[in-house]
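*Asks:* So here's start-v7.pdb (PDB, C-alpha atoms).
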ATOM      1  CA  MET A 776     -41.128 -21.674 -27.361
ATOM      2  CA  PRO A 777     -39.680 -21.801 -30.911
ATOM      3  CA  ARG A 778     -36.345 -19.941 -31.246
ATOM      4  CA  PHE A 779     -35.141 -18.238 -34.411
ATOM      5  CA  PHE A 780     -31.973 -16.421 -35.414
ATOM      6  CA  CYS A 781     -32.913 -13.013 -36.797
ATOM      7  CA  PRO A 782     -29.841 -11.103 -38.068
ATOM      8  CA  GLN A 783     -31.147  -7.553 -37.759
ATOM      9  CA  PRO A 784     -31.524  -4.863 -35.069
ATOM     10  CA  LEU A 785     -34.158  -5.830 -32.492
ATOM     11  CA  ALA A 786     -35.901  -3.609 -29.943
ATOM     12  CA  ILE A 787     -38.940  -3.800 -27.652
ATOM     13  CA  GLY A 788     -42.077  -2.400 -29.300
ATOM     14  CA  GLN A 789     -40.761  -2.919 -32.801
ATOM     15  CA  THR A 790     -42.776  -4.808 -35.410
ATOM     16  CA  ILE A 791     -40.416  -6.561 -37.791
ATOM     17  CA  THR A 792     -40.629  -8.611 -40.956
ATOM     18  CA  LEU A 793     -38.975 -11.922 -40.223
ATOM     19  CA  PRO A 794     -36.351 -13.402 -42.569
ATOM     20  CA  GLU A 795     -37.857 -15.485 -45.361
ATOM     21  CA  HIS A 796     -36.462 -18.791 -44.071
ATOM     22  CA  VAL A 797     -37.959 -18.071 -40.630
ATOM     23  CA  ALA A 798     -41.323 -17.249 -42.194
ATOM     24  CA  HIS A 799     -41.169 -20.520 -44.123
ATOM     25  CA  HIS A 800     -40.425 -22.504 -40.960
ATOM     26  CA  ILE A 801     -43.260 -20.782 -39.089
ATOM     27  CA  HIS A 802     -45.604 -21.754 -41.914
ATOM     28  CA  VAL A 803     -44.374 -25.373 -41.945
ATOM     29  CA  VAL A 804     -44.847 -25.893 -38.198
ATOM     30  CA  ARG A 805     -48.282 -24.245 -38.423
ATOM     31  CA  LEU A 806     -47.815 -21.430 -35.941
ATOM     32  CA  SER A 807     -50.595 -18.867 -35.840
ATOM     33  CA  ALA A 808     -50.927 -15.128 -35.323
ATOM     34  CA  GLY A 809     -50.784 -14.491 -31.586
ATOM     35  CA  ASP A 810     -48.296 -17.300 -30.913
ATOM     36  CA  ARG A 811     -45.101 -16.352 -29.110
ATOM     37  CA  ILE A 812     -41.614 -16.980 -30.441
ATOM     38  CA  THR A 813     -38.086 -16.226 -29.253
ATOM     39  CA  LEU A 814     -35.723 -14.224 -31.429
ATOM     40  CA  PHE A 815     -31.998 -13.522 -31.103
ATOM     41  CA  ASN A 816     -29.622 -11.631 -33.371
ATOM     42  CA  GLY A 817     -26.257 -12.887 -32.106
ATOM     43  CA  GLU A 818     -25.459  -9.747 -30.127
ATOM     44  CA  GLY A 819     -26.440 -11.224 -26.772
ATOM     45  CA  GLY A 820     -29.698 -11.836 -24.979
ATOM     46  CA  GLN A 821     -32.995 -12.872 -26.536
ATOM     47  CA  TYR A 822     -36.366 -11.329 -27.323
ATOM     48  CA  THR A 823     -39.894 -12.632 -26.868
ATOM     49  CA  ALA A 824     -42.126 -11.657 -29.775
ATOM     50  CA  THR A 825     -45.735 -12.241 -30.792
ATOM     51  CA  LEU A 826     -46.550 -13.221 -34.356
ATOM     52  CA  THR A 827     -48.822 -10.636 -35.938
ATOM     53  CA  THR A 828     -49.231 -11.796 -39.546
ATOM     54  CA  ILE A 829     -48.379 -15.094 -41.243
ATOM     55  CA  GLU A 830     -48.360 -15.639 -44.989
ATOM     56  CA  LYS A 831     -46.748 -18.362 -47.088
ATOM     57  CA  LYS A 832     -43.494 -16.482 -47.633
ATOM     58  CA  ARG A 833     -43.853 -13.603 -45.194
ATOM     59  CA  ALA A 834     -44.417 -13.192 -41.471
ATOM     60  CA  THR A 835     -44.242 -10.297 -39.022
ATOM     61  CA  ALA A 836     -43.840 -10.179 -35.275
ATOM     62  CA  GLU A 837     -44.040  -7.562 -32.533
ATOM     63  CA  ILE A 838     -41.209  -7.646 -30.004
ATOM     64  CA  LYS A 839     -42.545  -7.628 -26.452
ATOM     65  CA  LEU A 840     -39.711  -8.448 -24.060
ATOM     66  CA  PHE A 841     -35.915  -8.597 -23.823
ATOM     67  CA  GLU A 842     -34.159 -11.152 -21.617
ATOM     68  CA  PRO A 843     -30.402 -10.738 -21.003
ATOM     69  CA  ILE A 844     -29.834 -14.490 -21.010
ATOM     70  CA  GLU A 845     -26.325 -15.751 -21.769
ATOM     71  CA  THR A 846     -25.261 -19.380 -22.080
ATOM     72  CA  GLU A 847     -21.673 -18.897 -23.247
ATOM     73  CA  LEU A 848     -18.733 -20.679 -21.668
ATOM     74  CA  PRO A 849     -16.580 -18.508 -19.350
ATOM     75  CA  TYR A 850     -13.569 -19.311 -21.561
ATOM     76  CA  ALA A 851     -13.183 -19.320 -25.345
ATOM     77  CA  ILE A 852     -12.367 -22.582 -27.089
ATOM     78  CA  THR A 853     -11.335 -22.525 -30.738
ATOM     79  CA  LEU A 854     -11.724 -25.784 -32.639
ATOM     80  CA  ALA A 855      -9.094 -25.936 -35.398
ATOM     81  CA  GLN A 856     -10.421 -28.888 -37.384
ATOM     82  CA  ALA A 857      -8.597 -30.422 -40.347
ATOM     83  CA  LEU A 858     -11.144 -30.898 -43.119
ATOM     84  CA  PRO A 859     -12.727 -34.380 -42.963
ATOM     85  CA  GLU A 860     -14.440 -36.332 -45.703
ATOM     86  CA  ALA A 861     -18.037 -36.000 -46.883
ATOM     87  CA  SER A 862     -20.500 -34.301 -44.527
ATOM     88  CA  LYS A 863     -18.576 -34.971 -41.302
ATOM     89  CA  MET A 864     -17.725 -31.271 -40.943
ATOM     90  CA  ASP A 865     -21.436 -30.425 -40.689
ATOM     91  CA  TRP A 866     -21.833 -32.835 -37.787
ATOM     92  CA  ILE A 867     -18.649 -31.623 -36.075
ATOM     93  CA  ILE A 868     -19.716 -27.968 -36.300
ATOM     94  CA  GLU A 869     -23.259 -28.685 -35.121
ATOM     95  CA  LYS A 870     -22.146 -30.598 -32.038
ATOM     96  CA  ALA A 871     -19.272 -28.235 -31.255
ATOM     97  CA  VAL A 872     -21.740 -25.327 -31.192
ATOM     98  CA  GLU A 873     -24.005 -27.286 -28.854
ATOM     99  CA  LEU A 874     -21.006 -27.839 -26.553
ATOM    100  CA  GLY A 875     -20.203 -24.115 -26.495
ATOM    101  CA  VAL A 876     -17.287 -23.700 -28.906
ATOM    102  CA  HIS A 877     -16.322 -20.054 -29.411
ATOM    103  CA  ALA A 878     -14.713 -20.287 -32.842
ATOM    104  CA  ILE A 879     -14.215 -22.835 -35.621
ATOM    105  CA  GLN A 880     -11.120 -22.805 -37.831
ATOM    106  CA  PRO A 881     -11.145 -25.216 -40.796
ATOM    107  CA  LEU A 882      -7.624 -26.400 -41.658
ATOM    108  CA  ALA A 883      -6.075 -27.921 -44.774
ATOM    109  CA  SER A 884      -3.469 -30.447 -43.680
ATOM    110  CA  GLN A 885      -1.348 -32.974 -45.564
ATOM    111  CA  ARG A 886      -3.659 -35.965 -45.154
ATOM    112  CA  CYS A 887      -6.877 -34.087 -45.901
ATOM    113  CA  VAL A 888      -8.738 -35.751 -48.754
ATOM    114  CA  VAL A 889     -10.988 -32.707 -49.196
ATOM    115  CA  ARG A 890      -9.447 -29.809 -51.133
ATOM    116  CA  LEU A 891     -11.524 -26.654 -51.479
ATOM    117  CA  SER A 892     -11.272 -24.314 -54.445
ATOM    118  CA  ALA A 893     -12.041 -20.655 -53.790
ATOM    119  CA  GLU A 894     -15.567 -21.042 -55.205
ATOM    120  CA  ARG A 895     -16.253 -24.248 -53.302
ATOM    121  CA  ALA A 896     -14.857 -22.778 -50.081
ATOM    122  CA  THR A 897     -17.273 -19.846 -50.369
ATOM    123  CA  LYS A 898     -20.240 -22.200 -50.755
ATOM    124  CA  LYS A 899     -19.040 -24.349 -47.865
ATOM    125  CA  MET A 900     -18.638 -21.300 -45.617
ATOM    126  CA  GLN A 901     -22.210 -20.214 -46.354
ATOM    127  CA  HIS A 902     -23.478 -23.712 -45.613
ATOM    128  CA  TRP A 903     -21.469 -24.049 -42.389
ATOM    129  CA  GLN A 904     -22.702 -20.647 -41.236
ATOM    130  CA  GLY A 905     -26.240 -21.961 -41.611
ATOM    131  CA  VAL A 906     -25.300 -25.003 -39.520
ATOM    132  CA  ILE A 907     -23.994 -22.686 -36.775
ATOM    133  CA  GLU A 908     -27.188 -20.635 -36.798
ATOM    134  CA  ALA A 909     -29.453 -23.693 -36.651
ATOM    135  CA  ALA A 910     -27.402 -25.284 -33.851
ATOM    136  CA  SER A 911     -27.530 -22.015 -31.890
ATOM    137  CA  GLU A 912     -31.320 -21.898 -32.264
ATOM    138  CA  GLN A 913     -31.627 -25.463 -30.984
ATOM    139  CA  SER A 914     -29.137 -25.224 -28.112
ATOM    140  CA  GLY A 915     -30.271 -21.911 -26.638
ATOM    141  CA  ARG A 916     -27.140 -19.926 -27.481
ATOM    142  CA  ASN A 917     -27.712 -16.225 -28.107
ATOM    143  CA  ARG A 918     -24.302 -15.565 -29.620
ATOM    144  CA  LEU A 919     -22.948 -17.238 -32.747
ATOM    145  CA  ALA A 920     -19.657 -19.090 -32.861
ATOM    146  CA  THR A 921     -17.158 -17.420 -35.186
ATOM    147  CA  LEU A 922     -16.383 -19.258 -38.425
ATOM    148  CA  ALA A 923     -12.965 -18.478 -39.910
ATOM    149  CA  GLU A 924     -11.902 -18.927 -43.527
ATOM    150  CA  PRO A 925     -10.132 -22.244 -44.213
ATOM    151  CA  VAL A 926      -6.343 -21.898 -44.007
ATOM    152  CA  ASP A 927      -3.318 -24.125 -44.455
ATOM    153  CA  PHE A 928      -2.168 -25.970 -41.331
ATOM    154  CA  ASN A 929       1.346 -24.487 -41.468
ATOM    155  CA  GLN A 930      -0.024 -20.979 -41.911
ATOM    156  CA  TRP A 931      -2.241 -21.321 -38.841
ATOM    157  CA  ILE A 932       0.391 -22.754 -36.488
ATOM    158  CA  ALA A 933       2.797 -19.976 -37.496
ATOM    159  CA  GLN A 934       0.429 -17.285 -36.209
ATOM    160  CA  GLN A 935       1.306 -15.693 -32.903
ATOM    161  CA  ASP A 936      -1.334 -16.475 -30.298
ATOM    162  CA  LEU A 937      -1.387 -15.604 -26.607
ATOM    163  CA  HIS A 938      -3.727 -18.514 -25.887
ATOM    164  CA  VAL A 939      -2.627 -22.087 -25.282
ATOM    165  CA  ARG A 940      -2.863 -24.208 -28.425
ATOM    166  CA  ILE A 941      -3.216 -27.962 -28.011
ATOM    167  CA  LEU A 942      -2.679 -30.605 -30.684
ATOM    168  CA  LEU A 943      -4.303 -33.916 -29.796
ATOM    169  CA  SER A 944      -2.120 -36.879 -30.721
ATOM    170  CA  PRO A 945      -1.740 -40.528 -29.645
ATOM    171  CA  ARG A 946       2.027 -39.854 -29.543
ATOM    172  CA  ALA A 947       1.709 -37.378 -26.669
ATOM    173  CA  GLU A 948       2.893 -38.446 -23.227
ATOM    174  CA  GLN A 949       0.534 -36.239 -21.164
ATOM    175  CA  SER A 950      -3.244 -36.434 -21.389
ATOM    176  CA  LEU A 951      -5.584 -33.505 -21.943
ATOM    177  CA  SER A 952      -7.531 -34.363 -18.791
ATOM    178  CA  ASP A 953      -4.379 -34.428 -16.661
ATOM    179  CA  TRP A 954      -3.292 -31.048 -18.045
ATOM    180  CA  ALA A 955      -6.754 -29.519 -17.521
ATOM    181  CA  ARG A 956      -6.946 -30.687 -13.913
ATOM    182  CA  HIS A 957      -3.731 -28.805 -13.143
ATOM    183  CA  HIS A 958      -4.589 -25.565 -14.958
ATOM    184  CA  PRO A 959      -7.378 -23.012 -14.403
ATOM    185  CA  PRO A 960     -10.125 -22.513 -16.993
ATOM    186  CA  GLN A 961      -8.708 -20.504 -19.871
ATOM    187  CA  SER A 962      -9.018 -19.859 -23.593
ATOM    188  CA  VAL A 963      -7.501 -22.634 -25.688
ATOM    189  CA  GLY A 964      -7.214 -23.754 -29.283
ATOM    190  CA  LEU A 965      -7.721 -27.456 -30.060
ATOM    191  CA  LEU A 966      -6.055 -28.845 -33.205
ATOM    192  CA  ILE A 967      -7.744 -31.956 -34.600
ATOM    193  CA  GLY A 968      -6.275 -33.961 -37.474
ATOM    194  CA  PRO A 969      -8.152 -35.432 -40.451
ATOM    195  CA  GLU A 970      -8.697 -39.121 -41.112
ATOM    196  CA  GLY A 971      -5.280 -40.650 -40.508
ATOM    197  CA  GLY A 972      -4.255 -37.795 -38.229
ATOM    198  CA  PHE A 973      -1.554 -35.196 -38.659
ATOM    199  CA  THR A 974       1.763 -36.396 -40.056
ATOM    200  CA  GLU A 975       4.740 -36.710 -37.733
ATOM    201  CA  ARG A 976       6.334 -33.743 -39.466
ATOM    202  CA  GLU A 977       3.209 -31.608 -38.945
ATOM    203  CA  GLU A 978       3.178 -32.516 -35.275
ATOM    204  CA  ASN A 979       6.867 -31.659 -34.919
ATOM    205  CA  ASP A 980       6.379 -28.363 -36.779
ATOM    206  CA  ALA A 981       3.477 -27.479 -34.478
ATOM    207  CA  VAL A 982       5.514 -28.197 -31.350
ATOM    208  CA  ALA A 983       8.323 -26.034 -32.752
ATOM    209  CA  GLN A 984       5.774 -23.201 -33.038
ATOM    210  CA  GLY A 985       4.834 -23.517 -29.353
ATOM    211  CA  VAL A 986       1.839 -25.829 -29.723
ATOM    212  CA  MET A 987       1.396 -28.293 -26.840
ATOM    213  CA  MET A 988       0.874 -31.947 -27.773
ATOM    214  CA  LEU A 989      -1.544 -33.878 -25.527
ATOM    215  CA  SER A 990      -3.392 -37.178 -25.830
ATOM    216  CA  MET A 991      -6.986 -38.300 -25.390
ATOM    217  CA  GLY A 992      -6.006 -41.578 -23.747
ATOM    218  CA  PRO A 993      -4.949 -44.992 -25.085
ATOM    219  CA  ARG A 994      -7.713 -45.266 -27.710
ATOM    220  CA  VAL A 995      -7.457 -43.684 -31.149
ATOM    221  CA  LEU A 996     -10.525 -41.521 -31.783
ATOM    222  CA  ARG A 997     -12.008 -40.688 -35.162
ATOM    223  CA  THR A 998     -11.635 -37.133 -36.405
ATOM    224  CA  GLU A 999     -15.348 -36.479 -35.854
ATOM    225  CA  THR A1000     -15.075 -37.741 -32.266
ATOM    226  CA  ALA A1001     -11.802 -36.280 -30.986
ATOM    227  CA  GLY A1002     -12.631 -32.579 -30.921
ATOM    228  CA  LEU A1003     -16.065 -33.089 -29.403
ATOM    229  CA  ALA A1004     -14.682 -35.408 -26.740
ATOM    230  CA  ALA A1005     -12.009 -32.831 -25.917
ATOM    231  CA  LEU A1006     -14.606 -30.049 -25.654
ATOM    232  CA  ALA A1007     -16.818 -32.119 -23.392
ATOM    233  CA  GLY A1008     -13.847 -33.183 -21.268
ATOM    234  CA  LEU A1009     -12.631 -29.631 -20.718
ATOM    235  CA  ASN A1010     -16.140 -28.464 -19.859
ATOM    236  CA  ALA A1011     -16.564 -31.270 -17.341
ATOM    237  CA  ILE A1012     -13.199 -30.713 -15.673
ATOM    238  CA  TRP A1013     -13.531 -26.921 -15.616
ATOM    239  CA  GLY A1014     -17.060 -27.029 -14.211
ATOM    240  CA  ALA A1015     -19.040 -25.844 -17.245
ATOM    241  CA  MET A1016     -21.010 -29.054 -17.763
TER     242      MET A1016
END
Would you write the structure of this file as structure tokens?
*Replies:*
Amino acid sequence: MPRFFCPQPLAIGQTITLPEHVAHHIHVVRLSAGDRITLFNGEGGQYTATLTTIEKKRATAEIKLFEPIETELPYAITLAQALPEASKMDWIIEKAVELGVHAIQPLASQRCVVRLSAERATKKMQHWQGVIEAASEQSGRNRLATLAEPVDFNQWIAQQDLHVRILLSPRAEQSLSDWARHHPPQSVGLLIGPEGGFTEREENDAVAQGVMMLSMGPRVLRTETAGLAALAGLNAIWGAM
């Protein structure tokens, strides 16, 4: 059944006008009045609805059923990703959402090639939010991952956080998998460097702020691989995959 994110109050018996982009998609895939769709608004659970009218730029649906389905991880993982080149961030966000990430924190670090002006950052945030919504539709998540405003690496590591924060580095002596096997499932923040990684000074500054430095094994992973591999590894070890 097609799933759509619908950011508005939903209730059984209600007939709603669907967002314009949803109406457009319904038209493109040639759904008809009477077809069933699944809607979710990010507040938990999902709704089964029946399409009542379909026009080129407008569609309505009557909500028939609520299902309290949740697919969230039992622990919250924040992916603090240093901004990569080109469209890699889109791919990272999409796959991280599929793997159950709770929050995404874009970081500006020393070796980042991408530098966002205020105007460009606003446009990027809107685009990335759309990536989160589409990935949630596809993966069956009924709650949206939180997207934070991009911040400077040093500003983020200086924040006080009760959760464990982990910086992945080839220099680390202990592996993430070894650490995870000896600790119960818990909320963590994963810091991933850009192309070329974090500088030695950034790593040392992070450790001084209480960040734990762990490795992903003997191979050096690309920035678009490291965070996703870490997410998948934690999920596998902690029994959520």
*Asks:* Which residues fall under the PyMOL selection byres ((chain A and resi 929) around 8) in this file, as a list in words?
*Replies:*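 What the PyMOL selection byres ((chain A and resi 929) around 8) grabs from the file is Ser884, Asp927, Phe928, Gln930, Trp931, Ile932, Ala933, Glu977, Asp980 and Ala981 of chain A.
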*Asks:* Box along x, y and z, 6 Å on every side, all listed atoms of segment 984-989 of chain A inside: centre and edge lengths in Å to one decimal, as lines of an AutoDock Vina configuration file.
*Replies:*
center_x = 2.1
center_y = -28.5
center_z = -29.3
size_x = 19.3
size_y = 22.7
size_z = 19.5
*Asks:* Which distance in Å separates atom CA of Val804 of chain A and atom CA of Lys839 of chain A, to one decimal?
*Replies:* 21.8 Å
*Asks:* Take the PyMOL selection byres ((chain A and resi 809-819) around 6), run it mentally on this structure, and tell me the resulting residues as a PDB file with C-alpha atoms, in the coordinates of the input.
*Replies:*
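part_11.pdb written:
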ATOM      1  CA  MET A 776     -41.128 -21.674 -27.361  1.00  0.00           C
ATOM      2  CA  PRO A 777     -39.680 -21.801 -30.911  1.00  0.00           C
ATOM      3  CA  ARG A 778     -36.345 -19.941 -31.246  1.00  0.00           C
ATOM      4  CA  PHE A 779     -35.141 -18.238 -34.411  1.00  0.00           C
ATOM      5  CA  PHE A 780     -31.973 -16.421 -35.414  1.00  0.00           C
ATOM      6  CA  CYS A 781     -32.913 -13.013 -36.797  1.00  0.00           C
ATOM      7  CA  PRO A 782     -29.841 -11.103 -38.068  1.00  0.00           C
ATOM      8  CA  SER A 807     -50.595 -18.867 -35.840  1.00  0.00           C
ATOM      9  CA  ALA A 808     -50.927 -15.128 -35.323  1.00  0.00           C
ATOM     10  CA  GLY A 820     -29.698 -11.836 -24.979  1.00  0.00           C
ATOM     11  CA  GLN A 821     -32.995 -12.872 -26.536  1.00  0.00           C
ATOM     12  CA  TYR A 822     -36.366 -11.329 -27.323  1.00  0.00           C
ATOM     13  CA  THR A 823     -39.894 -12.632 -26.868  1.00  0.00           C
ATOM     14  CA  ALA A 824     -42.126 -11.657 -29.775  1.00  0.00           C
ATOM     15  CA  THR A 825     -45.735 -12.241 -30.792  1.00  0.00           C
ATOM     16  CA  LEU A 826     -46.550 -13.221 -34.356  1.00  0.00           C
ATOM     17  CA  ASN A 917     -27.712 -16.225 -28.107  1.00  0.00           C
ATOM     18  CA  ARG A 918     -24.302 -15.565 -29.620  1.00  0.00           C
ATOM     19  CA  LEU A 919     -22.948 -17.238 -32.747  1.00  0.00           C
TER      20      LEU A 919
END
*Asks:* Between atom CA of Ile791 of chain A and atom CA of Glu830 of chain A, what is the spacing in Å?
*Replies:*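 About the pair atom CA of Glu830 of chain A and atom CA of Ile791 of chain A: they are 14.0 Å apart.
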*Asks:* Between A:Ile838, A:Ala883, A:Ala893, A:Ile829, single out the one closest to Val797 of chain A, counting all atoms listed in the file.
*Replies:* A:Ile829
*Asks:* Pull out every residue that the PyMOL selection byres ((chain A and resi 956-970) around 8) matches in the shown coordinates and put them as a PDB file with C-alpha atoms, in the coordinates of the input.
*Replies:*
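For reference, selection24.pdb as written:
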ATOM      1  CA  PRO A 849     -16.580 -18.508 -19.350  1.00  0.00           C
ATOM      2  CA  TYR A 850     -13.569 -19.311 -21.561  1.00  0.00           C
ATOM      3  CA  ALA A 851     -13.183 -19.320 -25.345  1.00  0.00           C
ATOM      4  CA  ILE A 852     -12.367 -22.582 -27.089  1.00  0.00           C
ATOM      5  CA  THR A 853     -11.335 -22.525 -30.738  1.00  0.00           C
ATOM      6  CA  LEU A 854     -11.724 -25.784 -32.639  1.00  0.00           C
ATOM      7  CA  ALA A 855      -9.094 -25.936 -35.398  1.00  0.00           C
ATOM      8  CA  GLN A 856     -10.421 -28.888 -37.384  1.00  0.00           C
ATOM      9  CA  ALA A 857      -8.597 -30.422 -40.347  1.00  0.00           C
ATOM     10  CA  LEU A 858     -11.144 -30.898 -43.119  1.00  0.00           C
ATOM     11  CA  PRO A 859     -12.727 -34.380 -42.963  1.00  0.00           C
ATOM     12  CA  GLU A 860     -14.440 -36.332 -45.703  1.00  0.00           C
ATOM     13  CA  SER A 884      -3.469 -30.447 -43.680  1.00  0.00           C
ATOM     14  CA  ARG A 886      -3.659 -35.965 -45.154  1.00  0.00           C
ATOM     15  CA  CYS A 887      -6.877 -34.087 -45.901  1.00  0.00           C
ATOM     16  CA  HIS A 938      -3.727 -18.514 -25.887  1.00  0.00           C
ATOM     17  CA  VAL A 939      -2.627 -22.087 -25.282  1.00  0.00           C
ATOM     18  CA  ARG A 940      -2.863 -24.208 -28.425  1.00  0.00           C
ATOM     19  CA  ILE A 941      -3.216 -27.962 -28.011  1.00  0.00           C
ATOM     20  CA  LEU A 942      -2.679 -30.605 -30.684  1.00  0.00           C
ATOM     21  CA  LEU A 943      -4.303 -33.916 -29.796  1.00  0.00           C
ATOM     22  CA  SER A 952      -7.531 -34.363 -18.791  1.00  0.00           C
ATOM     23  CA  ASP A 953      -4.379 -34.428 -16.661  1.00  0.00           C
ATOM     24  CA  TRP A 954      -3.292 -31.048 -18.045  1.00  0.00           C
ATOM     25  CA  ALA A 955      -6.754 -29.519 -17.521  1.00  0.00           C
ATOM     26  CA  GLY A 971      -5.280 -40.650 -40.508  1.00  0.00           C
ATOM     27  CA  GLY A 972      -4.255 -37.795 -38.229  1.00  0.00           C
ATOM     28  CA  PHE A 973      -1.554 -35.196 -38.659  1.00  0.00           C
ATOM     29  CA  ARG A 997     -12.008 -40.688 -35.162  1.00  0.00           C
ATOM     30  CA  THR A 998     -11.635 -37.133 -36.405  1.00  0.00           C
ATOM     31  CA  ALA A1001     -11.802 -36.280 -30.986  1.00  0.00           C
ATOM     32  CA  GLY A1002     -12.631 -32.579 -30.921  1.00  0.00           C
ATOM     33  CA  ILE A1012     -13.199 -30.713 -15.673  1.00  0.00           C
ATOM     34  CA  TRP A1013     -13.531 -26.921 -15.616  1.00  0.00           C
TER      35      TRP A1013
END
*Asks:* Quick one: residues within 12 Å of (-44.5, -24.4, -41.0) (file frame), counting all atoms listed in the file, please, as a VMD selection string.
*Replies:* chain A and resid 777 795 to 807 829 to 834
*Asks:* With only C-alpha atoms as the basis for distance, which of A:Gln904, A:Ser944, A:Asn1010, A:Ser914 is at the shortest distance from Thr974 of chain A?
*Replies:* A:Ser944
*Asks:* Could you check the closest approach to Ala871 of chain A for each of A:Ala983, A:Leu1009, A:Ala920, A:Val995 and tell me which residue wins, using only C-alpha atoms?
*Replies:*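 Using only C-alpha atoms, the shortest distance to Ala871 of chain A belongs to A:Ala920.
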*Asks:* Which residues, written as a count of residues only, have at least one atom at most 10 Å from Ala861 of chain A, with only C-alpha atoms counted and residues fewer than 4 positions away on the same chain left out?
*Replies:* 3
*Asks:* Which residues are close to Met1016 of chain A, i.e. within 12 Å by only C-alpha atoms, leaving aside same-chain residues fewer than 6 positions away? Reply as an NGL selection string.
*Replies:* :A and (846-849 or 873-875 or 1006-1010)
